[in-house]
Amino acid sequence: MQRTADQQQILVYGHRGARGIFPENTMAGFQYLYDIGITAVELDVQNAANRLTVLSHDPHVTLTKGADPQLVRKTTSDQLLYLKVGGLRPGSTDLSLFADQAQLVDEHVPTFETFCKWAADHVPMLINAEIKSHAINPDLYDPPEVIISDVVDQLERYRLTDRCVISSFDWRVLSACALRSPDISRGYLTLEQPHGTEMEPNVVDGSQWLDGASREDNGGTLPQMIAALGGKFWCPYFKDLTEHDLAIAQSLGVLVNVWTVNETADIDRMIDMGVDGIISDYPARVLNILKRRNQI
């Protein structure tokens, strides 16, 4: 899935659809992207019970008010059918971060197949399917080879493999993808420093997240390591990215998609650096900045 001459220089991806505007990982958010001319989407994929592949970010869901959270992987299709995801919880951190997000009371967790059916009819939407997996706590999600098999089955069924990149922080997933379907583009997600987030950095030599890969064994840089693994995309947190490593990646033919870039100053800085793709909760904002700068 390479950029072509008729695409904008920097590709804009809607993060989880368009999390700043619509409920995340919902069909309403995906349709919004298409309607405003965004041609790439990032979404989260994992398995519920009985290997039902769904679009959901967190490993746990709360089915009813006051109930204990339970793993998505142990949640049945009947339970998910009644789980509404169209409104942020009052008092939640997400509501404070995305106060303008629409409240759509009838939105439910989509299956990956539902999304694939939609995407097949919405050309030229490019898909960045982030596979949720945890290298340290593997019981949170289905094993990498299982979820990869289920995701690729749907991509093949709907003839979407040539416009999809499979990405993950857990590089075991990407190794499984390389074995199951080596022609599908792989995106290596990286976080080098916490930067005030609650996320665990995965770029530590010897870390289980890297599935045995090492910078020391591959030229000393992340881009060289990813290129050696056959990665087509490097997906760093934008605050980690340096001009030096960006230049190395692009010289090796590795496209660099940064996440999650929301503020105008940060968007401008990523454009100035010359990244290949910007993943944002506010994709229209990125698109408008690119237009204002005559870079579309």
# chains A, B, ... in the order shown; residues from 1 in each chain; ligands from 1
$ residues_around --residues "range 220-222 of chain A" --least-positions-apart "4" --cutoff "9 Å" --atoms "only C-alpha atoms" --output "ChimeraX atom specification"
/A:190,203,214-216,226-227,234,245,248-249
$ write_last_selection --atoms "C-alpha atoms" --output "short mmCIF file (atom, residue, chain, number, x, y, z; two decimals), in the first residue's frame"
data_model
loop_
_atom_site.label_atom_id
_atom_site.label_comp_id
_atom_site.auth_asym_id
_atom_site.auth_seq_id
_atom_site.Cartn_x
_atom_site.Cartn_y
_atom_site.Cartn_z
CA THR A 190 6.70 2.46 18.60
CA VAL A 203 11.17 0.18 22.34
CA SER A 214 17.25 -5.48 18.45
CA ARG A 215 18.57 -2.15 17.25
CA GLU A 216 22.09 -3.31 18.06
CA ILE A 226 12.06 -2.14 10.94
CA ALA A 227 13.41 -2.24 7.39
CA TRP A 234 7.09 2.89 10.85
CA ASP A 245 15.61 8.94 12.02
CA ILE A 248 16.99 7.19 7.55
CA ALA A 249 13.54 5.60 7.30
#
$ residues_around --residues "range 118-130 of chain A" --least-positions-apart "3" --cutoff "7 Å" --atoms "only C-alpha atoms" --output "list in words"
Thr39, Ala40, Val41, Glu42, Leu43, Asp44, Val45, Thr114, Phe115, Tyr158, Leu160, Arg163, Cys164, Val165, Ile166, Ser167 and Ser168 of chain A
$ atom_distance --atom1 "CA of Pro59 in chain A" --atom2 "CA of Lys132 in chain A"
8.1 Å
$ atom_distance --atom1 "CA of Glu24 in chain A" --atom2 "CA of Thr111 in chain A"
13.6 Å
$ closest_residue --among "A:Pro283, A:Gly91, A:Pro138, A:Gly212" --to "Leu229 in chain A" --atoms "only C-alpha atoms"
A:Gly212
